[in-house]
Amino acid sequence: MNALALTVLTTTDDEAKARALAAGAVEARLAACAQIAGPVASVYRWQGNTETAQEWQVLLKTTADGYEALESWLLEAHDYDTPEIIATPVVRGSAAYLAWIEGETGGTA
């Protein structure tokens, strides 16, 4: 049976930074795949103020077993003080694709 797959979302303020985060995570085998979307408009509270910023989203595919390593890597590689790092479980998916994620992130598929 395949390990639980996750999608992990992070954002950054520059397309080149998004590409670097995506490539770095895939090259380190912390994610099997990363997709970049943007720009998106983000509205959020930061240090008591409501802010609006243009950001790029990076959606990474990994396994639950690999999450801690990916999160640690993102915290080191990211230039935000408090980067968005949100993991969502993949409840269903193609067995072949889920096995590919597991294999590409060092699993035993």
# chains A, B, ... in the order shown; residues from 1 in each chain; ligands from 1

$ select_by_dssp --residues "range 23-105 of chain A" --states "helix (DSSP H, G or I)" --output "list in words"
Ala23, Gly24, Ala25, Val26, Glu27, Tyr67, Glu68, Ala69, Leu70, Glu71, Ser72, Trp73, Leu74, Leu75, Glu76, Ala77, Ala95, Ala96, Tyr97, Leu98, Ala99, Trp100, Ile101, Glu102, Gly103 and Glu104 of chain A

$ select_by_dssp --residues "range 41-77 of chain A" --states "strand (DSSP E)" --output "PDB file with C-alpha atoms, in the first residue's frame"
ATOM      1  CA  ALA A  41      -3.165  38.581  -4.615  1.00  0.00           C
ATOM      2  CA  SER A  42      -2.701  37.823  -0.918  1.00  0.00           C
ATOM      3  CA  VAL A  43      -4.480  39.821   1.779  1.00  0.00           C
ATOM      4  CA  TYR A  44      -3.326  39.112   5.342  1.00  0.00           C
ATOM      5  CA  ARG A  45      -2.649  40.595   8.763  1.00  0.00           C
ATOM      6  CA  TRP A  46       1.007  41.076   9.661  1.00  0.00           C
ATOM      7  CA  ASN A  49      -1.653  45.774   9.870  1.00  0.00           C
ATOM      8  CA  THR A  50      -3.716  44.498   6.970  1.00  0.00           C
ATOM      9  CA  GLU A  51      -1.374  43.952   4.046  1.00  0.00           C
ATOM     10  CA  THR A  52      -1.888  43.175   0.366  1.00  0.00           C
ATOM     11  CA  ALA A  53       0.885  41.605  -1.663  1.00  0.00           C
ATOM     12  CA  GLN A  54       1.522  39.858  -4.948  1.00  0.00           C
ATOM     13  CA  GLU A  55       2.784  36.317  -4.364  1.00  0.00           C
ATOM     14  CA  TRP A  56       3.518  33.064  -6.181  1.00  0.00           C
ATOM     15  CA  GLN A  57       2.199  29.786  -4.813  1.00  0.00           C
ATOM     16  CA  VAL A  58       4.328  26.661  -4.819  1.00  0.00           C
ATOM     17  CA  LEU A  59       2.419  23.394  -4.438  1.00  0.00           C
ATOM     18  CA  LEU A  60       4.707  20.486  -3.570  1.00  0.00           C
ATOM     19  CA  LYS A  61       3.808  16.771  -3.708  1.00  0.00           C
ATOM     20  CA  THR A  62       5.351  14.582  -0.996  1.00  0.00           C
ATOM     21  CA  THR A  63       4.484  11.851   1.517  1.00  0.00           C
TER      22      THR A  63
END

$ residues_around --residues "range 23-34 of chain A" --least-positions-apart "4" --cutoff "12 Å" --atoms "only C-alpha atoms" --output "compact mmCIF listing (two decimals) with all heavy atoms, in the first residue's frame"
# COMPACT_ATOMS: atom_id res chain seq x y z
N ALA A 5 -0.04 10.41 0.75
CA ALA A 5 0.51 11.53 -0.01
C ALA A 5 -0.03 12.84 0.56
O ALA A 5 -1.13 12.89 1.10
CB ALA A 5 0.15 11.41 -1.48
N LEU A 6 0.77 13.88 0.44
CA LEU A 6 0.39 15.22 0.88
C LEU A 6 0.67 16.21 -0.24
O LEU A 6 1.60 16.03 -1.02
CB LEU A 6 1.23 15.67 2.08
CG LEU A 6 1.20 14.86 3.36
CD1 LEU A 6 2.21 15.44 4.36
CD2 LEU A 6 -0.19 14.85 3.95
N THR A 7 -0.12 17.27 -0.28
CA THR A 7 0.26 18.45 -1.04
C THR A 7 0.65 19.50 0.01
O THR A 7 -0.03 19.64 1.03
CB THR A 7 -0.88 18.98 -1.94
OG1 THR A 7 -2.02 19.28 -1.15
CG2 THR A 7 -1.24 17.97 -3.01
N VAL A 8 1.75 20.17 -0.23
CA VAL A 8 2.26 21.17 0.71
C VAL A 8 2.34 22.50 -0.02
O VAL A 8 3.00 22.61 -1.06
CB VAL A 8 3.64 20.76 1.28
CG1 VAL A 8 4.17 21.82 2.23
CG2 VAL A 8 3.54 19.40 1.99
N LEU A 9 1.66 23.50 0.52
CA LEU A 9 1.59 24.81 -0.10
C LEU A 9 2.50 25.79 0.62
O LEU A 9 2.52 25.84 1.85
CB LEU A 9 0.15 25.33 -0.06
CG LEU A 9 -0.08 26.74 -0.62
CD1 LEU A 9 0.16 26.78 -2.12
CD2 LEU A 9 -1.47 27.22 -0.27
N THR A 10 3.25 26.56 -0.15
CA THR A 10 3.98 27.70 0.37
C THR A 10 3.84 28.83 -0.63
O THR A 10 3.41 28.62 -1.77
CB THR A 10 5.45 27.37 0.68
OG1 THR A 10 6.03 28.42 1.46
CG2 THR A 10 6.27 27.16 -0.59
N ALA A 16 11.10 34.09 -9.33
CA ALA A 16 12.40 33.40 -9.29
C ALA A 16 12.58 32.65 -7.97
O ALA A 16 13.13 31.54 -7.95
CB ALA A 16 13.53 34.40 -9.51
N LYS A 17 12.14 33.25 -6.88
CA LYS A 17 12.22 32.57 -5.58
C LYS A 17 11.33 31.33 -5.57
O LYS A 17 11.70 30.29 -5.03
CB LYS A 17 11.80 33.51 -4.45
CG LYS A 17 12.77 34.63 -4.18
CD LYS A 17 12.22 35.51 -3.07
CE LYS A 17 13.00 36.78 -2.88
NZ LYS A 17 12.38 37.65 -1.84
N ALA A 18 10.15 31.43 -6.18
CA ALA A 18 9.24 30.28 -6.26
C ALA A 18 9.90 29.16 -7.05
O ALA A 18 9.85 27.99 -6.65
CB ALA A 18 7.92 30.69 -6.90
N ARG A 19 10.52 29.51 -8.16
CA ARG A 19 11.21 28.50 -8.98
C ARG A 19 12.35 27.86 -8.21
O ARG A 19 12.58 26.64 -8.31
CB ARG A 19 11.70 29.11 -10.28
CG ARG A 19 10.58 29.44 -11.24
CD ARG A 19 11.11 30.06 -12.55
NE ARG A 19 10.02 30.38 -13.43
CZ ARG A 19 9.44 29.51 -14.26
NH1 ARG A 19 9.85 28.25 -14.30
NH2 ARG A 19 8.45 29.90 -15.05
N GLN A 57 2.44 30.98 -5.61
CA GLN A 57 2.20 29.79 -4.81
C GLN A 57 3.04 28.64 -5.36
O GLN A 57 3.17 28.49 -6.57
CB GLN A 57 0.73 29.37 -4.88
CG GLN A 57 -0.20 30.37 -4.27
CD GLN A 57 -1.66 29.96 -4.42
OE1 GLN A 57 -2.04 29.36 -5.41
NE2 GLN A 57 -2.47 30.32 -3.43
N VAL A 58 3.58 27.87 -4.45
CA VAL A 58 4.33 26.66 -4.82
C VAL A 58 3.62 25.50 -4.14
O VAL A 58 3.50 25.47 -2.91
CB VAL A 58 5.80 26.73 -4.36
CG1 VAL A 58 6.56 25.49 -4.82
CG2 VAL A 58 6.48 28.00 -4.88
N LEU A 59 3.12 24.57 -4.94
CA LEU A 59 2.42 23.39 -4.44
C LEU A 59 3.32 22.18 -4.65
O LEU A 59 3.62 21.81 -5.79
CB LEU A 59 1.09 23.21 -5.17
CG LEU A 59 0.18 22.11 -4.62
CD1 LEU A 59 -0.25 22.43 -3.19
CD2 LEU A 59 -1.03 21.95 -5.52
N LEU A 60 3.75 21.60 -3.54
CA LEU A 60 4.71 20.49 -3.57
C LEU A 60 4.00 19.18 -3.26
O LEU A 60 3.12 19.13 -2.41
CB LEU A 60 5.81 20.74 -2.54
CG LEU A 60 6.54 22.07 -2.73
CD1 LEU A 60 6.58 22.86 -1.45
CD2 LEU A 60 7.92 21.85 -3.28
N LYS A 61 4.39 18.10 -3.95
CA LYS A 61 3.81 16.77 -3.71
C LYS A 61 4.84 15.94 -2.97
O LYS A 61 5.96 15.77 -3.43
CB LYS A 61 3.48 16.05 -5.02
CG LYS A 61 2.44 16.63 -5.98
CD LYS A 61 1.82 17.91 -5.67
CE LYS A 61 0.93 18.47 -6.76
NZ LYS A 61 1.35 18.42 -8.09
N THR A 62 4.45 15.40 -1.80
CA THR A 62 5.35 14.58 -1.00
C THR A 62 4.54 13.53 -0.26
O THR A 62 3.35 13.34 -0.53
CB THR A 62 6.18 15.46 -0.02
OG1 THR A 62 7.24 14.68 0.53
CG2 THR A 62 5.34 16.06 1.08
N THR A 63 5.17 12.84 0.69
CA THR A 63 4.48 11.85 1.52
C THR A 63 4.44 12.36 2.95
O THR A 63 5.21 13.23 3.36
CB THR A 63 5.22 10.50 1.50
OG1 THR A 63 6.52 10.68 2.05
CG2 THR A 63 5.32 9.93 0.09
N ALA A 64 3.55 11.78 3.73
CA ALA A 64 3.46 12.13 5.15
C ALA A 64 4.79 11.85 5.85
O ALA A 64 5.23 12.64 6.69
CB ALA A 64 2.31 11.37 5.82
N ASP A 65 5.43 10.75 5.49
CA ASP A 65 6.72 10.41 6.10
C ASP A 65 7.79 11.44 5.77
O ASP A 65 8.71 11.65 6.56
CB ASP A 65 7.20 9.03 5.64
CG ASP A 65 6.38 7.90 6.23
OD1 ASP A 65 5.64 8.13 7.22
OD2 ASP A 65 6.47 6.78 5.69
N GLY A 66 7.69 12.09 4.62
CA GLY A 66 8.69 13.07 4.21
C GLY A 66 8.37 14.50 4.62
O GLY A 66 9.17 15.41 4.37
N TYR A 67 7.21 14.71 5.25
CA TYR A 67 6.79 16.08 5.55
C TYR A 67 7.77 16.84 6.43
O TYR A 67 8.12 17.98 6.14
CB TYR A 67 5.39 16.12 6.18
CG TYR A 67 5.05 17.53 6.60
CD1 TYR A 67 4.62 18.45 5.66
CD2 TYR A 67 5.27 17.96 7.91
CE1 TYR A 67 4.37 19.77 6.02
CE2 TYR A 67 5.02 19.28 8.27
CZ TYR A 67 4.58 20.18 7.33
OH TYR A 67 4.35 21.48 7.68
N GLU A 68 8.21 16.24 7.53
CA GLU A 68 9.08 16.95 8.47
C GLU A 68 10.35 17.45 7.79
O GLU A 68 10.79 18.59 8.00
CB GLU A 68 9.44 16.06 9.67
CG GLU A 68 8.26 15.70 10.55
CD GLU A 68 7.61 16.91 11.23
OE1 GLU A 68 8.32 17.90 11.53
OE2 GLU A 68 6.40 16.86 11.45
N ALA A 69 10.96 16.61 6.96
CA ALA A 69 12.18 17.02 6.25
C ALA A 69 11.89 18.14 5.28
O ALA A 69 12.67 19.10 5.17
CB ALA A 69 12.79 15.82 5.53
N LEU A 70 10.76 18.07 4.57
CA LEU A 70 10.39 19.14 3.64
C LEU A 70 10.14 20.44 4.40
O LEU A 70 10.62 21.50 3.99
CB LEU A 70 9.17 18.75 2.82
CG LEU A 70 8.63 19.81 1.86
CD1 LEU A 70 9.68 20.25 0.85
CD2 LEU A 70 7.36 19.30 1.16
N GLU A 71 9.40 20.38 5.48
CA GLU A 71 9.14 21.59 6.27
C GLU A 71 10.44 22.20 6.78
O GLU A 71 10.64 23.42 6.66
CB GLU A 71 8.22 21.28 7.45
CG GLU A 71 7.96 22.52 8.30
CD GLU A 71 7.15 22.25 9.56
OE1 GLU A 71 6.59 21.15 9.73
OE2 GLU A 71 7.08 23.17 10.39
N SER A 72 11.33 21.39 7.32
CA SER A 72 12.62 21.91 7.81
C SER A 72 13.40 22.58 6.69
O SER A 72 13.97 23.66 6.87
CB SER A 72 13.46 20.78 8.40
OG SER A 72 12.85 20.29 9.56
N TRP A 73 13.40 21.95 5.51
CA TRP A 73 14.12 22.51 4.37
C TRP A 73 13.50 23.84 3.95
O TRP A 73 14.22 24.81 3.69
CB TRP A 73 14.13 21.51 3.21
CG TRP A 73 14.92 22.00 2.05
CD1 TRP A 73 16.25 21.85 1.85
CD2 TRP A 73 14.44 22.77 0.95
NE1 TRP A 73 16.62 22.47 0.68
CE2 TRP A 73 15.53 23.04 0.11
CE3 TRP A 73 13.18 23.24 0.59
CZ2 TRP A 73 15.40 23.77 -1.07
CZ3 TRP A 73 13.06 23.96 -0.58
CH2 TRP A 73 14.15 24.22 -1.40
N LEU A 74 12.16 23.89 3.88
CA LEU A 74 11.48 25.12 3.49
C LEU A 74 11.78 26.25 4.48
O LEU A 74 12.01 27.39 4.07
CB LEU A 74 9.97 24.91 3.38
CG LEU A 74 9.47 24.17 2.14
CD1 LEU A 74 8.01 23.80 2.30
CD2 LEU A 74 9.71 24.99 0.88
N LEU A 75 11.78 25.95 5.76
CA LEU A 75 12.08 26.98 6.77
C LEU A 75 13.49 27.53 6.60
O LEU A 75 13.73 28.73 6.79
CB LEU A 75 11.88 26.42 8.18
CG LEU A 75 10.42 26.18 8.56
CD1 LEU A 75 10.34 25.39 9.87
CD2 LEU A 75 9.65 27.49 8.68
N GLU A 76 14.43 26.68 6.21
CA GLU A 76 15.81 27.14 5.97
C GLU A 76 15.94 27.91 4.67
O GLU A 76 16.63 28.92 4.60
CB GLU A 76 16.77 25.93 5.94
CG GLU A 76 17.10 25.38 7.29
CD GLU A 76 17.95 26.33 8.12
OE1 GLU A 76 18.90 26.93 7.58
OE2 GLU A 76 17.65 26.47 9.31
N ALA A 77 15.27 27.43 3.62
CA ALA A 77 15.44 28.01 2.29
C ALA A 77 14.61 29.27 2.07
O ALA A 77 14.95 30.10 1.22
CB ALA A 77 15.06 26.96 1.22
N HIS A 78 13.54 29.43 2.83
CA HIS A 78 12.60 30.53 2.62
C HIS A 78 13.13 31.81 3.25
O HIS A 78 13.77 31.77 4.29
CB HIS A 78 11.25 30.17 3.23
CG HIS A 78 10.10 30.76 2.49
ND1 HIS A 78 9.87 32.11 2.42
CD2 HIS A 78 9.10 30.17 1.78
CE1 HIS A 78 8.78 32.33 1.71
NE2 HIS A 78 8.30 31.17 1.30
N TYR A 97 0.19 7.30 -9.81
CA TYR A 97 0.74 8.62 -9.48
C TYR A 97 1.19 8.66 -8.03
O TYR A 97 2.27 9.17 -7.71
CB TYR A 97 -0.29 9.72 -9.75
CG TYR A 97 0.28 11.10 -9.58
CD1 TYR A 97 1.07 11.67 -10.58
CD2 TYR A 97 0.04 11.83 -8.42
CE1 TYR A 97 1.61 12.94 -10.41
CE2 TYR A 97 0.59 13.10 -8.25
CZ TYR A 97 1.37 13.64 -9.26
OH TYR A 97 1.91 14.90 -9.09
N LEU A 98 0.39 8.11 -7.12
CA LEU A 98 0.76 8.10 -5.71
C LEU A 98 2.01 7.26 -5.48
O LEU A 98 2.88 7.64 -4.67
CB LEU A 98 -0.41 7.61 -4.86
CG LEU A 98 -1.67 8.47 -4.92
CD1 LEU A 98 -2.78 7.85 -4.09
CD2 LEU A 98 -1.40 9.90 -4.50
N ALA A 99 2.14 6.15 -6.19
CA ALA A 99 3.35 5.34 -6.10
C ALA A 99 4.56 6.11 -6.63
O ALA A 99 5.66 6.01 -6.08
CB ALA A 99 3.17 4.02 -6.87
N TRP A 100 4.35 6.89 -7.68
CA TRP A 100 5.43 7.70 -8.25
C TRP A 100 5.91 8.73 -7.21
O TRP A 100 7.11 8.93 -7.03
CB TRP A 100 4.95 8.39 -9.52
CG TRP A 100 5.93 9.35 -10.08
CD1 TRP A 100 7.06 9.05 -10.79
CD2 TRP A 100 5.90 10.77 -9.97
NE1 TRP A 100 7.74 10.20 -11.13
CE2 TRP A 100 7.03 11.28 -10.64
CE3 TRP A 100 5.02 11.67 -9.37
CZ2 TRP A 100 7.31 12.63 -10.73
CZ3 TRP A 100 5.29 13.02 -9.46
CH2 TRP A 100 6.41 13.48 -10.12
N ILE A 101 4.97 9.41 -6.52
CA ILE A 101 5.36 10.37 -5.48
C ILE A 101 6.21 9.66 -4.43
O ILE A 101 7.27 10.17 -4.04
CB ILE A 101 4.11 11.01 -4.83
CG1 ILE A 101 3.40 11.93 -5.79
CG2 ILE A 101 4.51 11.78 -3.56
CD1 ILE A 101 2.06 12.47 -5.28
N GLU A 102 5.76 8.52 -3.97
CA GLU A 102 6.49 7.79 -2.95
C GLU A 102 7.89 7.40 -3.44
O GLU A 102 8.89 7.59 -2.74
CB GLU A 102 5.71 6.53 -2.57
CG GLU A 102 6.27 5.81 -1.37
CD GLU A 102 5.39 4.65 -0.91
OE1 GLU A 102 4.31 4.45 -1.48
OE2 GLU A 102 5.83 3.97 0.01
N GLY A 103 7.97 6.91 -4.66
CA GLY A 103 9.27 6.52 -5.22
C GLY A 103 10.22 7.69 -5.40
O GLY A 103 11.42 7.58 -5.12
N GLU A 104 9.71 8.82 -5.86
CA GLU A 104 10.56 9.99 -6.12
C GLU A 104 11.02 10.70 -4.86
O GLU A 104 11.96 11.48 -4.88
CB GLU A 104 9.84 10.97 -7.04
CG GLU A 104 9.71 10.50 -8.46
CD GLU A 104 11.06 10.19 -9.10
OE1 GLU A 104 12.00 11.00 -8.98
OE2 GLU A 104 11.18 9.10 -9.70
N THR A 105 10.35 10.43 -3.75
CA THR A 105 10.75 11.07 -2.50
C THR A 105 11.49 10.09 -1.58
O THR A 105 11.58 10.31 -0.39
CB THR A 105 9.52 11.66 -1.76
OG1 THR A 105 8.57 10.62 -1.54
CG2 THR A 105 8.90 12.79 -2.55
N GLY A 106 12.00 9.02 -2.18
CA GLY A 106 12.80 8.08 -1.40
C GLY A 106 12.03 6.98 -0.74
O GLY A 106 12.57 6.22 0.06
N GLY A 107 10.74 6.84 -1.08
CA GLY A 107 9.92 5.78 -0.51
C GLY A 107 10.27 4.44 -1.13
O GLY A 107 11.21 4.31 -1.91

$ atom_distance --atom1 "CA of Glu84 in chain A" --atom2 "CA of Thr11 in chain A"
6.2 Å

$ atom_distance --atom1 "CA of Ile36 in chain A" --atom2 "CA of Glu15 in chain A"
8.3 Å

$ closest_residue --among "A:Thr88, A:Ser94, A:Asp79, A:Gln35" --to "Asp13 in chain A" --atoms "only C-alpha atoms"
A:Asp79

$ atom_distance --atom1 "CA of Ala96 in chain A" --atom2 "CA of Ala37 in chain A"
24.6 Å

$ closest_residue --among "A:Thr82, A:Ala3, A:Thr12, A:Ala87" --to "Gln47 in chain A" --atoms "only C-alpha atoms"
A:Thr82
